[in-house]
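**Q** Sharing protein_32.cif below, mmCIF, C-alpha atoms and all ligand atoms:
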```
data_input
#
loop_
_atom_site.label_atom_id
_atom_site.label_comp_id
_atom_site.auth_asym_id
_atom_site.auth_seq_id
_atom_site.Cartn_x
_atom_site.Cartn_y
_atom_site.Cartn_z
CA MET I 1 -29.96 6.66 -7.64
CA GLU I 2 -26.98 4.85 -6.24
CA LEU I 3 -23.92 6.91 -5.32
CA ILE I 4 -20.32 6.21 -6.31
CA SER I 5 -17.63 7.84 -4.16
CA VAL I 6 -14.42 8.47 -6.05
CA ILE I 7 -11.54 8.78 -3.61
CA VAL I 8 -8.43 10.57 -4.85
CA PRO I 9 -5.32 10.80 -2.65
CA CYS I 10 -3.38 13.88 -3.74
CA TYR I 11 0.09 14.93 -2.75
CA ASN I 12 1.44 17.86 -4.78
CA GLU I 13 -0.84 17.13 -7.70
CA GLU I 14 -1.69 20.68 -8.82
CA GLU I 15 -0.75 19.81 -12.40
CA ALA I 16 -2.62 16.54 -12.58
CA ILE I 17 -5.93 17.36 -10.88
CA PRO I 18 -7.44 19.43 -13.73
CA PHE I 19 -6.78 16.57 -16.19
CA PHE I 20 -8.17 14.09 -13.73
CA TYR I 21 -11.33 16.08 -13.11
CA LYS I 22 -11.96 16.56 -16.80
CA GLU I 23 -11.62 12.87 -17.58
CA MET I 24 -13.67 11.82 -14.56
CA ASP I 25 -16.39 14.29 -15.46
CA ARG I 26 -16.58 12.72 -18.92
CA VAL I 27 -16.81 9.18 -17.52
CA SER I 28 -19.43 10.18 -14.96
CA LYS I 29 -21.61 11.51 -17.78
CA LEU I 30 -21.33 8.16 -19.54
CA MET I 31 -22.44 6.43 -16.35
CA ASN I 32 -25.46 8.64 -15.84
CA GLU I 33 -27.40 5.94 -14.02
CA PHE I 34 -25.24 6.77 -10.98
CA ASP I 35 -24.64 9.79 -8.81
CA PHE I 36 -21.01 10.67 -8.17
CA GLU I 37 -19.02 12.36 -5.46
CA PHE I 38 -15.33 13.13 -5.87
CA ILE I 39 -13.35 13.23 -2.65
CA PHE I 40 -9.96 14.88 -3.06
CA VAL I 41 -7.81 14.04 -0.07
CA ASP I 42 -5.02 16.58 0.10
CA ASP I 43 -2.25 14.77 1.92
CA GLY I 44 -0.42 17.86 3.18
CA SER I 45 0.57 19.12 -0.28
CA LYS I 46 3.02 21.98 -0.49
CA ASP I 47 1.69 23.30 -3.78
CA SER I 48 -1.75 24.65 -4.68
CA THR I 49 -3.50 21.26 -4.73
CA LEU I 50 -5.94 22.36 -2.06
CA GLU I 51 -6.79 25.64 -3.79
CA ILE I 52 -7.53 23.78 -7.00
CA ALA I 53 -9.75 21.32 -5.19
CA LYS I 54 -11.59 24.20 -3.52
CA LYS I 55 -12.13 25.93 -6.83
CA LEU I 56 -13.54 22.74 -8.32
CA ALA I 57 -15.81 22.38 -5.30
CA GLN I 58 -17.26 25.83 -5.98
CA GLN I 59 -18.01 24.94 -9.58
CA ASP I 60 -19.26 21.44 -8.99
CA GLY I 61 -21.27 20.37 -5.94
CA ARG I 62 -20.08 16.79 -6.35
CA VAL I 63 -16.52 17.76 -5.43
CA LYS I 64 -15.51 17.30 -1.80
CA TYR I 65 -12.12 17.94 -0.29
CA ILE I 66 -10.30 17.37 2.94
CA SER I 67 -6.79 18.49 3.72
CA PHE I 68 -4.45 17.04 6.31
CA SER I 69 -2.38 18.99 8.80
CA ARG I 70 0.76 17.46 7.23
CA ASN I 71 1.81 14.70 4.85
CA PHE I 72 0.52 11.46 6.36
CA GLY I 73 1.15 9.23 3.35
CA LYS I 74 -1.09 7.68 0.75
CA GLU I 75 -2.32 4.96 3.10
CA ALA I 76 -3.70 7.55 5.52
CA ALA I 77 -5.30 9.41 2.62
CA ILE I 78 -7.01 6.23 1.47
CA TYR I 79 -8.37 5.62 4.96
CA ALA I 80 -9.64 9.19 5.27
CA GLY I 81 -11.36 8.96 1.90
CA PHE I 82 -13.18 5.78 2.87
CA ASP I 83 -14.00 7.26 6.24
CA LEU I 84 -15.67 10.33 4.75
CA SER I 85 -17.37 8.64 1.81
CA ASN I 86 -21.10 8.11 1.63
CA GLY I 87 -21.29 6.10 -1.56
CA ASP I 88 -22.98 2.77 -2.10
CA TYR I 89 -19.75 2.04 -3.95
CA CYS I 90 -16.28 3.47 -3.46
CA VAL I 91 -13.52 3.62 -5.99
CA LEU I 92 -9.96 4.52 -5.24
CA MET I 93 -8.02 6.36 -7.93
CA ASP I 94 -4.68 8.10 -8.30
CA ALA I 95 -4.81 11.74 -9.32
CA ASP I 96 -2.32 11.24 -12.14
CA LEU I 97 -4.65 9.26 -14.46
CA GLN I 98 -2.43 6.19 -14.16
CA ASP I 99 -5.65 4.50 -13.12
CA PRO I 100 -7.76 4.95 -16.27
CA PRO I 101 -11.28 6.14 -15.34
CA ALA I 102 -12.45 4.60 -18.61
CA LEU I 103 -12.29 1.16 -16.96
CA LEU I 104 -14.96 2.15 -14.46
CA PRO I 105 -18.03 0.93 -16.43
CA GLU I 106 -16.42 -2.49 -16.82
CA MET I 107 -15.61 -2.60 -13.11
CA MET I 108 -19.16 -1.63 -12.22
CA ASN I 109 -20.49 -4.33 -14.48
CA ALA I 110 -18.46 -6.95 -12.60
CA ILE I 111 -20.06 -5.95 -9.31
CA GLN I 112 -23.61 -5.39 -10.49
CA ASN I 113 -24.04 -8.18 -13.00
CA GLU I 114 -21.38 -10.75 -12.24
CA GLY I 115 -21.83 -10.89 -8.48
CA TYR I 116 -18.39 -9.73 -7.40
CA ASP I 117 -17.88 -7.62 -4.26
CA SER I 118 -15.03 -5.71 -5.75
CA ALA I 119 -13.33 -5.09 -9.06
CA ALA I 120 -9.61 -4.45 -8.93
CA THR I 121 -7.06 -3.67 -11.56
CA ARG I 122 -3.56 -4.85 -12.28
CA ARG I 123 -1.14 -3.66 -14.85
CA VAL I 124 0.37 -6.36 -16.96
CA THR I 125 3.29 -4.25 -18.15
CA ARG I 126 5.55 -1.91 -16.30
CA LYS I 127 6.68 0.04 -19.30
CA GLY I 128 8.02 3.48 -18.55
CA GLU I 129 9.36 2.34 -15.19
CA PRO I 130 13.07 1.98 -14.37
CA PRO I 131 14.01 -1.72 -14.83
CA ILE I 132 15.61 -1.95 -11.38
CA ARG I 133 12.42 -0.77 -9.79
CA SER I 134 10.39 -3.36 -11.70
CA PHE I 135 12.84 -6.08 -10.70
CA PHE I 136 12.63 -5.30 -7.00
CA ALA I 137 8.86 -4.91 -7.19
CA ARG I 138 8.58 -8.41 -8.68
CA GLN I 139 10.82 -9.89 -5.99
CA PHE I 140 8.74 -8.20 -3.33
CA TYR I 141 5.49 -9.74 -4.61
CA LYS I 142 7.12 -13.17 -4.82
CA ILE I 143 8.38 -12.99 -1.25
CA ILE I 144 5.29 -11.56 0.37
CA ASN I 145 2.99 -14.09 -1.25
CA GLN I 146 5.12 -16.90 0.08
CA ILE I 147 5.22 -15.65 3.63
CA SER I 148 1.79 -14.18 4.28
CA ASP I 149 -1.90 -15.06 4.18
CA ALA I 150 -2.84 -11.93 2.31
CA ASP I 151 -3.18 -12.65 -1.36
CA ILE I 152 -1.23 -9.83 -3.00
CA VAL I 153 -1.26 -9.83 -6.78
CA ASP I 154 1.80 -8.73 -8.76
CA GLY I 155 1.18 -5.48 -10.56
CA ALA I 156 -1.98 -4.82 -8.54
CA ARG I 157 -2.92 -1.17 -8.37
CA ASP I 158 -4.84 0.40 -5.55
CA TYR I 159 -7.43 1.28 -8.23
CA ARG I 160 -10.42 -0.69 -7.04
CA LEU I 161 -14.18 -0.41 -6.96
CA MET I 162 -15.83 -1.80 -3.85
CA THR I 163 -19.23 -2.28 -2.32
CA ARG I 164 -20.13 -0.38 0.83
CA LYS I 165 -19.90 -3.61 2.76
CA MET I 166 -16.28 -4.12 1.82
CA VAL I 167 -15.43 -0.48 2.57
CA ASP I 168 -16.96 -0.79 6.04
CA THR I 169 -14.89 -3.91 6.66
CA ILE I 170 -11.74 -1.99 5.68
CA LEU I 171 -12.69 0.85 8.01
CA ASP I 172 -12.99 -1.68 10.82
CA MET I 173 -9.30 -2.43 10.40
CA LYS I 174 -7.98 0.47 12.39
CA GLU I 175 -4.31 -0.44 12.39
CA TYR I 176 -1.90 2.46 12.31
CA ASN I 177 0.64 0.80 10.01
CA ARG I 178 -1.56 0.40 6.98
CA PHE I 179 -0.73 -1.56 3.87
CA SER I 180 -3.86 -1.38 1.75
CA LYS I 181 -2.83 -3.92 -0.86
CA GLY I 182 -2.49 -6.42 1.97
CA ILE I 183 -5.70 -5.34 3.67
CA PHE I 184 -7.72 -5.71 0.47
CA GLY I 185 -6.38 -9.22 -0.03
CA TRP I 186 -6.62 -10.24 3.61
CA ILE I 187 -10.30 -9.39 4.14
CA GLY I 188 -11.31 -11.75 1.34
CA TYR I 189 -14.53 -11.21 -0.65
CA ASP I 190 -14.75 -11.99 -4.36
CA THR I 191 -12.60 -9.79 -6.50
CA LYS I 192 -12.56 -9.60 -10.24
CA TRP I 193 -9.16 -8.65 -11.67
CA ILE I 194 -9.16 -6.44 -14.71
CA GLU I 195 -5.90 -6.09 -16.58
CA PHE I 196 -4.55 -3.07 -18.37
CA GLU I 197 -1.34 -1.79 -19.89
CA ASN I 198 0.67 0.60 -17.77
CA VAL I 199 -0.13 4.25 -18.45
CA GLU I 200 2.36 6.97 -17.71
CA ARG I 201 1.59 9.90 -15.45
CA VAL I 202 -0.37 12.68 -17.14
CA ALA I 203 1.58 15.43 -15.35
CA GLY I 204 3.83 15.97 -12.37
CA GLU I 205 6.28 13.48 -10.91
CA THR I 206 6.08 10.24 -8.99
CA LYS I 207 6.04 10.73 -5.22
CA TRP I 208 7.83 7.48 -4.57
CA SER I 209 11.57 7.35 -4.37
CA PHE I 210 13.27 3.98 -4.39
CA TRP I 211 14.00 4.30 -0.69
CA LYS I 212 10.38 5.16 0.13
CA LEU I 213 9.24 2.11 -1.83
CA PHE I 214 11.76 -0.08 -0.03
CA LYS I 215 10.49 1.05 3.35
CA TYR I 216 6.93 0.56 2.15
CA SER I 217 7.72 -3.02 1.15
CA LEU I 218 9.16 -3.74 4.61
CA GLU I 219 5.98 -2.27 6.05
CA GLY I 220 3.96 -4.68 3.93
CA ILE I 221 6.00 -7.63 5.08
CA THR I 222 5.91 -6.81 8.79
CA ALA I 223 2.21 -5.97 8.61
CA PHE I 224 1.18 -9.25 7.02
CA SER I 225 3.72 -11.87 7.99
CA VAL I 226 5.57 -13.07 11.07
CA VAL I 227 7.84 -15.37 9.09
CA PRO I 228 10.87 -13.05 9.55
CA LEU I 229 10.50 -13.57 13.30
CA GLN I 230 10.74 -17.30 12.81
CA ILE I 231 13.91 -16.91 10.78
CA ALA I 232 15.82 -16.15 13.99
CA SER I 233 14.70 -19.42 15.55
CA ILE I 234 15.57 -21.33 12.40
CA PHE I 235 19.09 -19.85 12.34
CA GLY I 236 19.40 -20.71 16.03
CA ILE I 237 18.49 -24.35 15.43
CA ILE I 238 20.80 -24.71 12.43
CA PHE I 239 23.79 -23.18 14.19
CA SER I 240 23.24 -25.20 17.37
CA LEU I 241 23.22 -28.38 15.28
CA ILE I 242 26.37 -27.40 13.42
CA ALA I 243 28.08 -26.49 16.68
CA PHE I 244 27.12 -29.81 18.24
CA ILE I 245 28.49 -31.81 15.31
CA MET I 246 31.67 -29.74 15.33
CA ILE I 247 32.21 -30.34 19.05
CA VAL I 248 31.93 -34.08 18.55
CA VAL I 249 34.29 -33.98 15.56
CA ILE I 250 36.88 -31.88 17.41
CA ILE I 251 36.83 -34.03 20.56
CA ILE I 252 37.35 -37.20 18.53
CA ARG I 253 40.06 -35.58 16.40
CA THR I 254 41.89 -34.31 19.51
CA LEU I 255 41.77 -37.74 21.12
CA ILE I 256 43.20 -39.38 18.01
CA PHE I 257 45.64 -36.78 16.65
CA GLY I 258 46.49 -34.56 19.64
CA ASP I 259 45.87 -30.79 19.63
CA PRO I 260 47.93 -28.71 17.20
CA VAL I 261 46.85 -25.04 17.65
CA SER I 262 45.58 -23.61 14.36
CA GLY I 263 42.46 -22.17 12.82
CA TRP I 264 42.38 -18.64 14.32
CA PRO I 265 41.27 -16.95 11.07
CA SER I 266 38.42 -19.38 10.63
CA LEU I 267 37.40 -18.84 14.25
CA VAL I 268 37.19 -15.09 13.73
CA CYS I 269 35.09 -15.62 10.61
CA ILE I 270 32.68 -17.84 12.50
CA ILE I 271 32.37 -15.33 15.34
CA MET I 272 31.67 -12.56 12.86
CA LEU I 273 29.08 -14.66 11.04
CA ILE I 274 27.21 -15.63 14.16
CA GLY I 275 27.46 -12.10 15.56
CA GLY I 276 26.01 -10.78 12.30
CA ILE I 277 23.14 -13.20 12.37
CA GLN I 278 22.40 -12.32 15.98
CA LEU I 279 22.28 -8.63 15.16
CA LEU I 280 20.07 -9.31 12.16
CA SER I 281 17.69 -11.29 14.33
CA ILE I 282 17.58 -8.57 16.96
CA GLY I 283 16.96 -6.05 14.17
CA ILE I 284 14.00 -8.06 12.88
CA LEU I 285 12.67 -8.26 16.41
CA GLY I 286 13.08 -4.50 16.67
CA GLN I 287 11.09 -3.96 13.48
CA TYR I 288 8.11 -5.79 14.91
CA LEU I 289 8.52 -4.21 18.31
CA SER I 290 8.54 -0.72 16.81
CA LYS I 291 5.34 -1.48 14.90
CA THR I 292 3.72 -2.80 18.05
CA TYR I 293 4.91 0.27 19.91
CA LEU I 294 3.27 2.61 17.39
CA GLU I 295 0.07 0.56 17.35
CA THR I 296 -0.28 0.69 21.12
CA LYS I 297 -0.13 4.49 21.09
CA ARG I 298 -3.39 4.50 19.14
CA ARG I 299 -2.57 7.71 17.37
CA PRO I 300 -5.09 8.96 14.81
CA ILE I 301 -4.41 7.73 11.28
CA TYR I 302 -4.82 11.25 9.89
CA ILE I 303 -5.45 14.76 11.22
CA GLU I 304 -7.87 16.98 9.37
CA LYS I 305 -7.11 20.64 8.83
CA GLU I 306 -9.84 21.71 6.50
CA THR I 307 -12.76 20.11 4.70
CA ASN I 308 -16.07 20.88 3.05
CA ILE I 309 -17.46 17.47 3.88
CA GLY I 310 -20.35 17.63 6.28
CA VAL I 311 -20.44 21.43 5.96
CA GLN I 312 -23.28 21.57 3.43
CA ASP I 313 -25.25 19.00 5.39
CA GLU I 314 -25.33 21.25 8.45
CA GLU I 315 -26.47 24.33 6.60
N1 LIG W 401 0.18 10.21 -2.74
C1 LIG W 401 -0.30 10.68 -1.52
N2 LIG W 401 0.57 10.84 -0.47
C2 LIG W 401 1.91 10.57 -0.58
C3 LIG W 401 2.39 10.08 -1.83
C4 LIG W 401 1.50 9.91 -2.87
O1 LIG W 401 -1.49 10.93 -1.37
O2 LIG W 401 2.64 10.76 0.38
C5 LIG W 401 -0.75 10.05 -3.89
C6 LIG W 401 -0.34 10.77 -5.16
O3 LIG W 401 -0.77 12.11 -5.16
C7 LIG W 401 -1.02 9.95 -6.24
C8 LIG W 401 -1.00 8.54 -5.65
O4 LIG W 401 -0.78 8.68 -4.25
O5 LIG W 401 -2.38 10.34 -6.47
C9 LIG W 401 0.08 7.68 -6.28
O6 LIG W 401 1.32 8.34 -6.24
P1 LIG W 401 2.33 8.32 -7.46
O7 LIG W 401 1.60 8.52 -8.74
O8 LIG W 401 3.41 9.29 -7.14
O9 LIG W 401 2.88 6.84 -7.36
P2 LIG W 401 3.20 5.86 -8.58
O10 LIG W 401 2.01 5.87 -9.49
O11 LIG W 401 4.42 6.40 -9.23
O12 LIG W 401 3.40 4.53 -7.92
MG MG W 402 1.18 7.45 -10.31
#
```
Take the structure in the file and give it back as structure tokens.

**A**
Amino acid sequence: MELISVIVPCYNEEEAIPFFYKEMDRVSKLMNEFDFEFIFVDDGSKDSTLEIAKKLAQQDGRVKYISFSRNFGKEAAIYAGFDLSNGDYCVLMDADLQDPPALLPEMMNAIQNEGYDSAATRRVTRKGEPPIRSFFARQFYKIINQISDADIVDGARDYRLMTRKMVDTILDMKEYNRFSKGIFGWIGYDTKWIEFENVERVAGETKWSFWKLFKYSLEGITAFSVVPLQIASIFGIIFSLIAFIMIVVIIIRTLIFGDPVSGWPSLVCIIMLIGGIQLLSIGILGQYLSKTYLETKRRPIYIEKETNIGVQDEE
């Protein structure tokens, strides 16, 4: 029988995991032509997430867990899950049931019978989300699609079923600054998009503050586009042109009308403007430099503290 690995990044999800397991157990019984393994990746939770995963593992041999030495972020958890999975197919799912397991049979059908390499999901509504957050999210998708090669779909979830081949390709991308939505789009392959209405969290709270999301969006942009770096050059060209025209205008005006001293306030404004743009450009440069700096250190993407994966195999 073919094996499906279900990868579940968990950060402080003690309330949600029991619901998740119950629902997933139900769906796995419906899909009894497949074997399942559930990999709970405990991303340095401070609550009893790990204990709950361990308890489940005792009851059900399909449950695997790994815990990190600290919170490494969802991207690291995703990578670890792929890394430790054995499945012929892998599916990535949030622990909070915002990614409905009930869609799984349809996703499987797309891969097995319609010839797709992966089946991904996108939510067509953002109901239950603060409007400001939705607004900024939309702007982010608009911008990133204009300035990068990676095809990143608005409303796309990380909830995605993939063939082993695609998972291995993702594992080959060992970058430290990971932006999975971009990676999935960048590697290509045929993806079927399945749409669904936004579902609210079954329990617990979102782990993403607005600030965290903002930083994450900058990560996505710097990871998949160098357009911001070109902005500095474009500003440079524009301002040089303006300066050149102004010099010509001022020389001619002085020759014709003489040189009455005026215009100090406007001069200060111009200096401030150009100074600001220079700092912005240096800042952008710094963003990329800091990413490069972290990449060159080749630090591990995650550090394992405890796991039951591989343990049974040795016994
Ligand atoms: N998550 C994680 N590490 C983090 C933050 C989140 O593993 O540092 C997990 C979290 O447990 C959940 C998933 O990522 O399973 C999505 O998080 P959340 O539901 O808080 O995000 P939202 O659905 O609100 O975008
Ligand atoms: Mg969620």

**Q** Find the residue from I:Val153, I:Met93, I:Leu285, I:Leu255 that sits nearest to ligand LIG 401 (chain W); use all atoms listed in the file when measuring.

**A**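 Closest to ligand LIG 401 (chain W) of all the choices is I:Met93.
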
**Q** Pick out the residues no farther than 8 Å from ligand MG 402 (chain W), counting only C-alpha atoms and all ligand atoms, and list them as a count of residues only.

**A** 11

**Q** How many Å lie between atom CA of I:Glu15 and atom CA of I:Leu103, rounded to one decimal?

**A**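 Answer for the atom CA of I:Glu15 to atom CA of I:Leu103 separation: 22.4 Å.
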
**Q** Using 8 Å of padding on each side, determine the axis-aligned box around all atoms of ligand LIG 401 (chain W) present in the file and give its centre and edge lengths in Å to one decimal, as JSON.

**A**
```
{"center_x": 1.0, "center_y": 8.3, "center_z": -4.6, "size_x": 22.8, "size_y": 23.6, "size_z": 25.9}
```

**Q** For stretch 124-131 of chain I, please output as a ChimeraX atom specification all residues within 7 Å (counting all atoms listed in the file; exclusion window: fewer than 6 positions along the same chain).

**A** /I:155,195-198,200

**Q** From the set I:Asp43, I:Asp88, I:Asp60, I:Glu51, which residue has the shortest atom-to-atom contact distance to I:Glu304, counting only C-alpha atoms?

**A**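 The shortest atom-to-atom distance to I:Glu304 comes from I:Asp43.
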
**Q** Which polymer residues have any atom within 10 Å of an atom of I:Thr292, counting all atoms listed in the file, with same-chain residues fewer than 6 positions away left out, as a PyMOL selection string?

**A** chain I and resi 176-177+286

**Q** Write out the residues from the selection above, keeping C-alpha atoms, as a PDB file, keeping the file's coordinate frame.

**A**
```pdb
ATOM      1  CA  TYR I 176      -1.900   2.460  12.310  1.00  0.00           C
ATOM      2  CA  ASN I 177       0.640   0.800  10.010  1.00  0.00           C
ATOM      3  CA  GLY I 286      13.080  -4.500  16.670  1.00  0.00           C
TER       4      GLY I 286
END
```

**Q** Find the residue from I:Tyr302, I:Tyr65, I:Phe244, I:Phe239 that sits nearest to I:Ile274; use only C-alpha atoms when measuring.

**A**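 Among the listed residues, the smallest separation from I:Ile274 belongs to I:Phe239.
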
**Q** May I ask which of the residues I:Ile143, I:Ile17, I:Ser262, I:Glu33 is the closest one to I:Val202, counting all atoms listed in the file?

**A**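 Of I:Ile143, I:Ile17, I:Ser262, I:Glu33, the one nearest I:Val202 is I:Ile17, counting all atoms listed in the file.
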
**Q** Would you please work out which residue, of I:Ala203, I:Ile277, I:Ile231, I:Leu213, is nearest to I:Phe136 when using all atoms listed in the file?

**A** I:Leu213

**Q** Rank I:Gly204, I:Gly182, I:Gly188, I:Pro105 by their smallest atom-to-atom distance to ligand LIG 401 (chain W), using only C-alpha atoms and all ligand atoms, and report the top residue only.

**A**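 Closest residue, counting only C-alpha atoms and all ligand atoms: I:Gly204.
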
**Q** Mind checking which residues fall within 9 Å of I:Tyr159, counting only C-alpha atoms, ignoring those fewer than 5 positions away in the same chain, and posting them as a list of chain:residue names?

**A**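 Selected residues are I:Val91, I:Leu92, I:Met93, I:Asp94, I:Asp99, I:Pro100, I:Ala119, I:Ala120, I:Thr121, I:Arg122.
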